[in-house]
>>> print(open('entry_10.cif').read())   # mmCIF, C-alpha atoms
data_my_file
loop_
_atom_site.label_atom_id
_atom_site.label_comp_id
_atom_site.auth_asym_id
_atom_site.auth_seq_id
_atom_site.Cartn_x
_atom_site.Cartn_y
_atom_site.Cartn_z
CA MET A 1445 -4.00 -0.56 -8.75
CA ILE A 1446 -3.29 -1.99 -12.20
CA PRO A 1447 -1.19 -5.15 -11.80
CA PHE A 1448 1.20 -6.20 -14.51
CA PHE A 1449 -0.66 -9.52 -14.79
CA ASP A 1450 -3.62 -11.18 -13.06
CA LEU A 1451 -4.29 -14.88 -13.69
CA THR A 1452 -7.27 -14.97 -11.33
CA LYS A 1453 -9.37 -12.89 -13.74
CA GLN A 1454 -8.95 -15.41 -16.53
CA TYR A 1455 -9.86 -18.32 -14.27
CA ALA A 1456 -13.03 -16.49 -13.20
CA THR A 1457 -14.21 -16.32 -16.83
CA ILE A 1458 -13.80 -20.07 -17.46
CA LYS A 1459 -14.19 -21.46 -13.93
CA SER A 1460 -17.01 -23.90 -14.66
CA GLU A 1461 -15.22 -25.34 -17.72
CA ILE A 1462 -11.93 -25.74 -15.84
CA ASP A 1463 -13.56 -27.23 -12.76
CA ASP A 1464 -15.48 -29.76 -14.85
CA ALA A 1465 -12.38 -30.73 -16.82
CA THR A 1466 -10.19 -31.23 -13.75
CA ALA A 1467 -12.91 -33.11 -11.88
CA HIS A 1468 -13.22 -35.50 -14.83
CA VAL A 1469 -9.50 -36.27 -14.64
CA LEU A 1470 -9.55 -36.74 -10.87
CA LYS A 1471 -12.47 -39.17 -11.16
CA SER A 1472 -10.76 -41.11 -13.97
CA GLY A 1473 -7.73 -42.08 -11.87
CA TRP A 1474 -5.40 -41.63 -14.90
CA PHE A 1475 -2.87 -38.82 -14.50
CA ILE A 1476 0.08 -39.28 -16.92
CA LEU A 1477 0.02 -39.60 -20.75
CA GLY A 1478 -3.58 -40.70 -20.96
CA PRO A 1479 -6.67 -39.78 -23.01
CA GLU A 1480 -6.57 -36.06 -22.14
CA VAL A 1481 -2.99 -35.74 -23.34
CA ARG A 1482 -3.77 -37.63 -26.54
CA ALA A 1483 -6.83 -35.45 -27.19
CA PHE A 1484 -4.90 -32.24 -26.52
CA GLU A 1485 -2.06 -33.35 -28.80
CA LYS A 1486 -4.54 -33.98 -31.62
CA GLU A 1487 -6.28 -30.64 -31.11
CA PHE A 1488 -3.02 -28.70 -30.79
CA ALA A 1489 -1.66 -30.26 -33.99
CA GLU A 1490 -4.88 -29.45 -35.84
CA TYR A 1491 -4.80 -25.86 -34.56
CA HIS A 1492 -1.36 -25.42 -36.12
CA GLY A 1493 -2.08 -27.37 -39.28
CA VAL A 1494 0.64 -29.95 -38.61
CA GLN A 1495 0.67 -33.73 -38.40
CA HIS A 1496 2.19 -34.31 -34.97
CA ALA A 1497 2.12 -32.72 -31.50
CA LEU A 1498 3.64 -34.24 -28.37
CA GLY A 1499 3.20 -32.94 -24.84
CA VAL A 1500 6.24 -32.64 -22.57
CA GLY A 1501 7.02 -31.37 -19.10
CA SER A 1502 7.99 -27.75 -19.81
CA GLY A 1503 9.00 -25.32 -22.51
CA THR A 1504 12.68 -25.73 -21.68
CA GLU A 1505 12.35 -29.49 -22.04
CA ALA A 1506 10.48 -28.98 -25.32
CA ILE A 1507 13.50 -27.16 -26.77
CA HIS A 1508 15.96 -29.65 -25.27
CA ILE A 1509 14.13 -32.71 -26.57
CA ALA A 1510 13.51 -31.12 -29.98
CA LEU A 1511 17.24 -30.43 -30.32
CA LEU A 1512 18.08 -34.01 -29.32
CA ALA A 1513 15.55 -35.29 -31.86
CA LEU A 1514 17.33 -33.21 -34.51
CA GLY A 1515 20.60 -34.90 -33.58
CA VAL A 1516 22.21 -31.87 -31.93
CA GLY A 1517 25.00 -32.76 -29.52
CA ALA A 1518 28.53 -32.09 -28.34
CA GLY A 1519 30.65 -30.24 -30.87
CA ASP A 1520 27.65 -28.67 -32.63
CA GLU A 1521 26.67 -25.01 -32.63
CA VAL A 1522 23.12 -23.67 -32.45
CA ILE A 1523 22.39 -20.06 -33.41
CA THR A 1524 19.82 -18.05 -31.48
CA VAL A 1525 19.35 -14.52 -30.10
CA PRO A 1526 20.70 -12.87 -26.93
CA ASN A 1527 17.40 -11.28 -25.82
CA THR A 1528 15.47 -14.51 -25.33
CA ALA A 1529 14.50 -16.16 -22.06
CA VAL A 1530 17.44 -18.05 -20.59
CA ALA A 1531 15.52 -21.30 -21.24
CA THR A 1532 16.47 -21.21 -24.93
CA VAL A 1533 20.19 -21.19 -24.25
CA ALA A 1534 19.95 -23.49 -21.22
CA ALA A 1535 18.32 -26.10 -23.45
CA ILE A 1536 21.06 -25.76 -26.06
CA GLU A 1537 23.75 -26.30 -23.45
CA LEU A 1538 21.93 -29.33 -22.03
CA THR A 1539 22.61 -31.10 -25.34
CA GLY A 1540 26.34 -30.40 -25.08
CA ALA A 1541 26.21 -27.99 -28.01
CA ARG A 1542 27.40 -24.37 -27.95
CA ALA A 1543 25.01 -21.45 -28.26
CA VAL A 1544 26.01 -18.85 -30.84
CA LEU A 1545 24.24 -15.52 -30.49
CA CYS A 1546 23.03 -13.38 -33.38
CA ASP A 1547 22.05 -9.75 -32.81
CA VAL A 1548 18.48 -8.54 -33.35
CA ARG A 1549 16.72 -5.80 -35.29
CA ALA A 1550 16.12 -2.53 -33.48
CA ASP A 1551 12.55 -2.19 -34.78
CA SER A 1552 11.13 -5.68 -34.22
CA MET A 1553 13.59 -6.86 -31.51
CA LEU A 1554 13.74 -10.16 -33.45
CA LEU A 1555 16.60 -12.07 -35.08
CA ASP A 1556 18.40 -9.88 -37.63
CA VAL A 1557 18.63 -11.96 -40.80
CA ALA A 1558 21.32 -9.59 -42.10
CA GLN A 1559 23.56 -10.79 -39.25
CA LEU A 1560 22.66 -14.47 -39.51
CA GLU A 1561 25.07 -15.69 -42.18
CA ARG A 1562 28.03 -14.18 -40.29
CA ALA A 1563 27.15 -16.38 -37.31
CA ILE A 1564 27.21 -19.61 -39.33
CA THR A 1565 30.28 -21.84 -39.12
CA PRO A 1566 30.99 -25.38 -40.32
CA ARG A 1567 29.77 -26.54 -36.89
CA THR A 1568 26.33 -24.91 -37.14
CA LYS A 1569 23.75 -27.67 -36.78
CA ALA A 1570 20.58 -25.68 -36.10
CA ILE A 1571 19.05 -22.21 -35.89
CA ILE A 1572 16.47 -21.28 -33.26
CA PRO A 1573 14.47 -18.24 -34.35
CA VAL A 1574 12.64 -16.98 -31.25
CA HIS A 1575 9.18 -15.54 -31.96
CA LEU A 1576 9.53 -13.03 -29.16
CA PHE A 1577 6.76 -11.02 -27.46
CA GLY A 1578 4.10 -12.57 -29.74
CA GLN A 1579 5.59 -11.50 -33.09
CA SER A 1580 6.89 -13.95 -35.70
CA CYS A 1581 10.45 -13.74 -36.97
CA ASP A 1582 10.87 -13.23 -40.72
CA LEU A 1583 10.99 -16.93 -41.52
CA ASP A 1584 11.36 -17.01 -45.32
CA PRO A 1585 14.94 -15.69 -45.45
CA ILE A 1586 15.91 -17.71 -42.37
CA LEU A 1587 14.63 -20.88 -44.02
CA ARG A 1588 16.34 -20.05 -47.32
CA ILE A 1589 19.68 -19.65 -45.60
CA ALA A 1590 19.15 -22.80 -43.53
CA ARG A 1591 18.08 -24.98 -46.45
CA ALA A 1592 20.99 -23.81 -48.61
CA ARG A 1593 23.43 -24.77 -45.82
CA LYS A 1594 21.58 -27.95 -44.73
CA ILE A 1595 20.99 -26.42 -41.30
CA LEU A 1596 17.96 -27.46 -39.23
CA VAL A 1597 15.40 -24.94 -37.95
CA LEU A 1598 13.70 -25.19 -34.56
CA GLU A 1599 11.07 -22.51 -33.97
CA ASP A 1600 10.86 -21.27 -30.37
CA CYS A 1601 7.16 -20.43 -30.07
CA ALA A 1602 7.00 -20.04 -26.29
CA GLN A 1603 5.65 -16.48 -26.60
CA ALA A 1604 3.71 -16.82 -29.84
CA HIS A 1605 0.76 -19.21 -29.45
CA GLY A 1606 -1.48 -18.43 -32.42
CA ALA A 1607 0.78 -15.85 -34.08
CA THR A 1608 0.90 -16.01 -37.87
CA TYR A 1609 3.50 -15.62 -40.59
CA ARG A 1610 2.21 -15.11 -44.13
CA GLY A 1611 -1.17 -16.57 -43.21
CA LYS A 1612 0.00 -19.70 -41.36
CA ARG A 1613 0.56 -20.18 -37.67
CA VAL A 1614 4.13 -20.11 -36.43
CA GLY A 1615 5.51 -23.51 -35.55
CA SER A 1616 4.44 -24.95 -38.89
CA TYR A 1617 7.42 -23.68 -40.91
CA GLY A 1618 10.60 -25.12 -39.43
CA ASP A 1619 11.69 -28.73 -39.07
CA ILE A 1620 10.26 -28.75 -35.56
CA ALA A 1621 8.85 -26.27 -33.04
CA ALA A 1622 8.73 -25.93 -29.26
CA PHE A 1623 6.05 -24.35 -27.05
CA SER A 1624 5.85 -23.47 -23.37
CA PHE A 1625 2.64 -23.57 -21.36
CA TYR A 1626 4.00 -21.64 -18.39
CA PRO A 1627 0.96 -20.07 -16.69
CA THR A 1628 1.51 -16.53 -18.03
CA LYS A 1629 1.74 -17.60 -21.68
CA ASN A 1630 -1.06 -16.82 -24.13
CA LEU A 1631 -1.96 -20.50 -23.76
CA GLY A 1632 -0.91 -21.27 -20.21
CA ALA A 1633 -1.35 -24.28 -17.95
CA TYR A 1634 -1.81 -24.14 -14.17
CA GLY A 1635 1.72 -25.40 -13.70
CA ASP A 1636 4.55 -26.34 -16.05
CA GLY A 1637 3.99 -27.90 -19.44
CA GLY A 1638 5.24 -27.80 -23.01
CA ALA A 1639 4.74 -29.27 -26.45
CA ILE A 1640 6.67 -30.09 -29.60
CA ILE A 1641 5.08 -30.02 -33.06
CA THR A 1642 6.37 -31.22 -36.43
CA ASN A 1643 5.29 -32.57 -39.80
CA ASP A 1644 8.13 -35.11 -39.80
CA ALA A 1645 6.94 -38.54 -38.64
CA ALA A 1646 10.47 -39.73 -37.85
CA LEU A 1647 11.15 -36.69 -35.67
CA ALA A 1648 7.83 -37.17 -33.90
CA GLU A 1649 8.68 -40.79 -33.16
CA ARG A 1650 12.07 -39.79 -31.77
CA VAL A 1651 10.47 -37.13 -29.56
CA ASN A 1652 7.99 -39.72 -28.32
CA LEU A 1653 10.85 -42.00 -27.32
CA LEU A 1654 12.98 -39.26 -25.76
CA ARG A 1655 10.22 -37.92 -23.51
CA GLN A 1656 9.72 -41.26 -21.74
CA TYR A 1657 12.95 -43.19 -21.21
CA GLY A 1658 13.24 -44.31 -24.83
CA TRP A 1659 10.30 -46.69 -24.40
CA ARG A 1660 8.37 -48.18 -27.27
CA GLU A 1661 7.23 -50.82 -24.82
CA ARG A 1662 7.04 -50.15 -21.10
CA TYR A 1663 10.30 -50.82 -19.25
CA ALA A 1664 12.23 -51.50 -22.47
CA SER A 1665 14.40 -48.55 -23.54
CA ASP A 1666 15.30 -48.54 -27.24
CA ILE A 1667 17.29 -45.31 -26.86
CA LYS A 1668 18.43 -43.22 -23.90
CA GLY A 1669 15.57 -40.92 -22.98
CA MET A 1670 14.30 -38.93 -20.02
CA ASN A 1671 11.14 -38.23 -18.06
CA SER A 1672 9.36 -35.22 -19.57
CA ARG A 1673 5.65 -35.91 -19.73
CA LEU A 1674 2.66 -33.57 -19.90
CA ASP A 1675 0.23 -34.70 -17.21
CA GLU A 1676 -3.48 -35.32 -17.66
CA LEU A 1677 -4.63 -32.44 -15.44
CA GLN A 1678 -2.62 -29.88 -17.39
CA ALA A 1679 -3.75 -31.37 -20.71
CA ALA A 1680 -7.38 -31.12 -19.65
CA ILE A 1681 -6.89 -27.48 -18.63
CA LEU A 1682 -5.10 -26.71 -21.90
CA ARG A 1683 -7.91 -28.29 -23.92
CA VAL A 1684 -10.37 -25.87 -22.31
CA LYS A 1685 -8.08 -22.90 -22.83
CA LEU A 1686 -7.25 -23.75 -26.44
CA ARG A 1687 -10.92 -23.21 -27.32
CA HIS A 1688 -10.60 -19.61 -26.07
CA LEU A 1689 -7.14 -18.81 -27.43
CA ASP A 1690 -8.17 -16.98 -30.59
CA ALA A 1691 -10.61 -14.77 -28.71
CA TRP A 1692 -8.00 -14.00 -26.06
CA ASN A 1693 -5.44 -13.17 -28.73
CA ALA A 1694 -7.94 -10.86 -30.42
CA ALA A 1695 -8.41 -9.06 -27.11
CA ARG A 1696 -4.65 -8.71 -26.72
CA ARG A 1697 -4.42 -7.25 -30.22
CA GLY A 1698 -7.18 -4.78 -29.40
CA HIS A 1699 -5.45 -3.66 -26.22
CA ALA A 1700 -2.14 -3.32 -28.06
CA ALA A 1701 -3.77 -1.22 -30.80
CA LEU A 1702 -5.20 1.13 -28.17
CA TYR A 1703 -1.81 1.48 -26.44
CA THR A 1704 -0.15 2.25 -29.76
CA GLU A 1705 -2.80 4.84 -30.61
CA LEU A 1706 -2.49 6.63 -27.26
CA LEU A 1707 1.18 6.47 -26.29
CA ARG A 1708 3.46 9.45 -26.95
CA ALA A 1709 7.24 9.89 -26.90
CA VAL A 1710 8.11 6.25 -26.18
CA THR A 1711 8.84 3.69 -28.87
CA PRO A 1712 5.97 1.20 -29.16
CA PRO A 1713 6.41 -2.36 -30.46
CA ARG A 1714 6.20 -2.63 -34.22
CA GLU A 1715 4.01 -5.24 -35.88
CA LEU A 1716 5.64 -6.30 -39.13
CA ALA A 1717 3.56 -6.61 -42.30
CA TYR A 1718 4.27 -10.31 -42.86
CA GLY A 1719 2.18 -11.58 -39.93
CA GLN A 1720 -0.09 -10.94 -36.98
CA SER A 1721 1.37 -10.58 -33.51
CA VAL A 1722 -0.51 -12.04 -30.56
CA TYR A 1723 1.12 -9.56 -28.16
CA HIS A 1724 2.26 -11.92 -25.46
CA LEU A 1725 3.91 -8.77 -24.14
CA TYR A 1726 3.58 -5.09 -25.00
CA VAL A 1727 7.18 -3.90 -24.91
CA ILE A 1728 7.99 -0.22 -25.27
CA GLN A 1729 11.42 1.41 -25.37
CA SER A 1730 12.37 4.41 -23.23
CA SER A 1731 15.75 6.07 -22.75
CA ASN A 1732 14.71 7.00 -19.20
CA ARG A 1733 13.31 3.62 -18.17
CA GLN A 1734 14.06 3.53 -14.44
CA SER A 1735 12.42 6.88 -13.82
CA LEU A 1736 9.44 5.77 -15.88
CA ILE A 1737 9.13 2.58 -13.82
CA SER A 1738 9.18 4.63 -10.60
CA HIS A 1739 6.60 7.04 -11.98
CA LEU A 1740 4.24 4.21 -12.97
CA LYS A 1741 4.75 2.47 -9.63
CA SER A 1742 3.72 5.68 -7.85
CA ARG A 1743 0.47 5.50 -9.83
CA GLY A 1744 -0.10 1.87 -8.80
CA ILE A 1745 0.83 0.46 -12.21
CA GLY A 1746 2.88 -2.73 -12.45
CA THR A 1747 5.58 -3.22 -15.08
CA ALA A 1748 8.24 -5.80 -15.91
CA ILE A 1749 11.42 -6.08 -18.00
CA HIS A 1750 11.80 -8.90 -20.54
CA TYR A 1751 14.67 -9.29 -20.03
CA PRO A 1752 16.83 -7.21 -17.65
CA GLN A 1753 20.07 -8.93 -18.76
CA MET A 1754 20.87 -10.25 -22.20
CA ILE A 1755 22.08 -13.85 -22.17
CA HIS A 1756 25.73 -13.01 -22.85
CA ARG A 1757 25.83 -10.52 -19.97
CA GLN A 1758 24.76 -13.05 -17.34
CA ALA A 1759 27.38 -14.65 -15.10
CA ALA A 1760 26.37 -18.18 -16.08
CA TYR A 1761 27.04 -17.52 -19.78
CA THR A 1762 30.34 -15.67 -19.86
CA ASN A 1763 31.65 -18.90 -21.39
CA LEU A 1764 29.97 -17.91 -24.66
CA GLY A 1765 32.71 -15.34 -25.16
CA TYR A 1766 30.76 -12.18 -26.01
CA GLY A 1767 32.26 -9.00 -24.62
CA ALA A 1768 30.57 -5.67 -24.03
CA GLY A 1769 29.51 -4.08 -27.30
CA SER A 1770 29.61 -7.32 -29.29
CA LEU A 1771 25.82 -7.41 -29.73
CA PRO A 1772 25.03 -3.68 -29.70
CA VAL A 1773 21.35 -3.68 -30.60
CA ALA A 1774 20.45 -6.23 -27.94
CA GLU A 1775 22.56 -4.36 -25.38
CA LYS A 1776 20.74 -1.09 -26.14
CA LEU A 1777 17.41 -2.87 -25.75
CA GLU A 1778 18.57 -4.21 -22.39
CA ARG A 1779 18.79 -0.62 -21.16
CA GLU A 1780 15.51 0.62 -22.62
CA ILE A 1781 12.80 -2.07 -22.88
CA LEU A 1782 9.80 -2.07 -20.57
CA SER A 1783 6.70 -4.28 -20.61
CA LEU A 1784 3.37 -2.64 -19.82
CA PRO A 1785 0.31 -4.48 -18.44
CA LEU A 1786 -1.44 -6.48 -21.14
CA TYR A 1787 -3.70 -9.51 -20.81
CA PRO A 1788 -7.11 -10.34 -22.28
CA GLU A 1789 -9.10 -9.47 -19.14
CA LEU A 1790 -7.43 -6.06 -18.69
CA ALA A 1791 -10.10 -3.34 -18.85
CA LEU A 1792 -9.81 -0.85 -21.69
CA ASP A 1793 -10.07 1.95 -19.14
CA ASP A 1794 -6.98 0.50 -17.48
CA VAL A 1795 -5.15 0.56 -20.82
CA ARG A 1796 -6.11 4.23 -21.14
CA ALA A 1797 -4.97 4.92 -17.57
CA VAL A 1798 -1.58 3.31 -18.18
CA ALA A 1799 -1.10 5.21 -21.43
CA GLN A 1800 -2.08 8.46 -19.73
CA ALA A 1801 0.43 7.84 -16.93
CA VAL A 1802 3.19 7.14 -19.46
CA ASN A 1803 2.33 10.31 -21.39
CA GLU A 1804 2.29 12.38 -18.18
CA PHE A 1805 5.80 11.21 -17.37
CA VAL A 1806 7.10 12.05 -20.82
#
>>> encode(input="entry_10.cif", output="C-alpha cells")
Amino acid sequence: MIPFFDLTKQYATIKSEIDDATAHVLKSGWFILGPEVRAFEKEFAEYHGVQHALGVGSGTEAIHIALLALGVGAGDEVITVPNTAVATVAAIELTGARAVLCDVRADSMLLDVAQLERAITPRTKAIIPVHLFGQSCDLDPILRIARARKILVLEDCAQAHGATYRGKRVGSYGDIAAFSFYPTKNLGAYGDGGAIITNDAALAERVNLLRQYGWRERYASDIKGMNSRLDELQAAILRVKLRHLDAWNAARRGHAALYTELLRAVTPPRELAYGQSVYHLYVIQSSNRQSLISHLKSRGIGTAIHYPQMIHRQAAYTNLGYGAGSLPVAEKLEREILSLPLYPELALDDVRAVAQAVNEFV
C-alpha cells in the first residue's frame, strides 16, 4: 500500500522535539498568544525576510483578516482564480466583497496574467494570486498591473511555504500575504492555524487588532474585531517544524524530479524558470483520469483531486455568475488533474512504484 499522505511518518522523525516542545507549553500554563506565538512570529517573519508576522486561527481566517486589514468590504471586488481551495473565495465573501474569477494558464495551472486586466473593473480593490501546488505565480506582471491601477495584492501562500520567486520567498512581494498551517501543508500544525505577513507596520497593527476583538488593551475594543488566535501549542509545534522545512522541501523537490523523469504519456506539472516550487502537491493531467484512478487503486496506490469542482461550478457559488465554458482552461483541468502521493518521508522506491503503475496504465 502506498497512501496518498501519511502524517505519522513525519511525526516519527521529530517525535522527541515535538514532545519536548508541547510538554514545555503544558507545564507553562500559558496557552493563547504567549511567548511561543511571539517567538514563532519572529522566526516566521525572519524566514520570509519581512518585518511582521502574526499568527491567526486558520488559513481561511488569515485571508479574511488580511482583506479586512486592506479595507476590503461590501461593494468591492477581489480577483482570484477558480481552481483554488474554496477557502480563498469563502474569505472574500466573508468581507462582503464579490469574488471575480480569472482563468489560469494551461501549463502552470496558475493565474493567467494575460486574462487579468480583462477582469479588472472600477470596483476592483484587491487581487489574490494563489501560489498553487507549491509553485509561485508570475508576480512581476501582476504587481505592475496592480500598482498602475492602485489595486492591492494579497498573496495566498497556503500551498507554498518556502517557495521562491526570483530568489525571494513568496509572501514577501505583495502588500500582505496569508498562510495556512493545516496539517497536510508543507509547514503544518497538528490542528488549525494560520499566519499573515507584511512589511507594512500599519497593516500589521490592524491585523493585530482584528484578530483579537480590536483590543489594544484587554477588554477595550478600538475597532470591531474577532477571535482568531494561534494557540501556544500549535506555535510550539510550528517552531520545531520550521527548522526542518527547507530539508523537507528539498525532499519534495527530489521526489518530484524523479516522478517527472519516470512518468510517460501523462502531463507532469511544470516548474517555471522564475522560481523554485516546493511541490506541495504533484499534479499530473490525464484525459482518462477516472480509469487511471481505478487502476492505481487496484495497485494499492492512493490519489486525490485538487480540486474536483472549480469554484464557479459549485452550488454555493452560482451567485458569481459564471456559466459553463466561461473559464475554459480551469474547466478542462477540472476533468483531468490528479494528485499523486508526495511527501518528504515517501520512499524513493514508492515513487518509482507509482510511476511504474502510471506508465503501465498508459
>>> closest_residue(input="entry_10.cif", among="A:Asp1619, A:Asp1520, A:Glu1490, A:Asp1582", to="A:Lys1569", atoms="only C-alpha atoms")
A:Asp1520
>>> atom_distance(input="entry_10.cif", atom1="atom CA of A:Gly1638", atom2="atom CA of A:Pro1573")
17.5 Å
>>> closest_residue(input="entry_10.cif", among="A:Leu1682, A:Ala1535, A:Leu1764, A:Leu1777", to="A:Pro1752", atoms="all atoms listed in the file")
A:Leu1777
>>> closest_residue(input="entry_10.cif", among="A:Val1795, A:Leu1782, A:Ile1536, A:Leu1576", to="A:Ala1518", atoms="only C-alpha atoms")
A:Ile1536
>>> closest_residue(input="entry_10.cif", among="A:His1739, A:Arg1562, A:Arg1733, A:Arg1714", to="A:Ile1589", atoms="all atoms listed in the file")
A:Arg1562
>>> closest_residue(input="entry_10.cif", among="A:Thr1762, A:Thr1711, A:Thr1504, A:Thr1524", to="A:Asn1732", atoms="only C-alpha atoms")
A:Thr1711
>>> residues_around(input="entry_10.cif", residues="A:Arg1660", least_positions_apart="5", cutoff="12 Å", atoms="only C-alpha atoms", output="list of chain:residue names")
A:Glu1649, A:Arg1650, A:Val1651, A:Asn1652, A:Leu1653, A:Leu1654, A:Arg1655, A:Ser1665, A:Asp1666, A:Ile1667, A:Lys1668, A:Gly1669
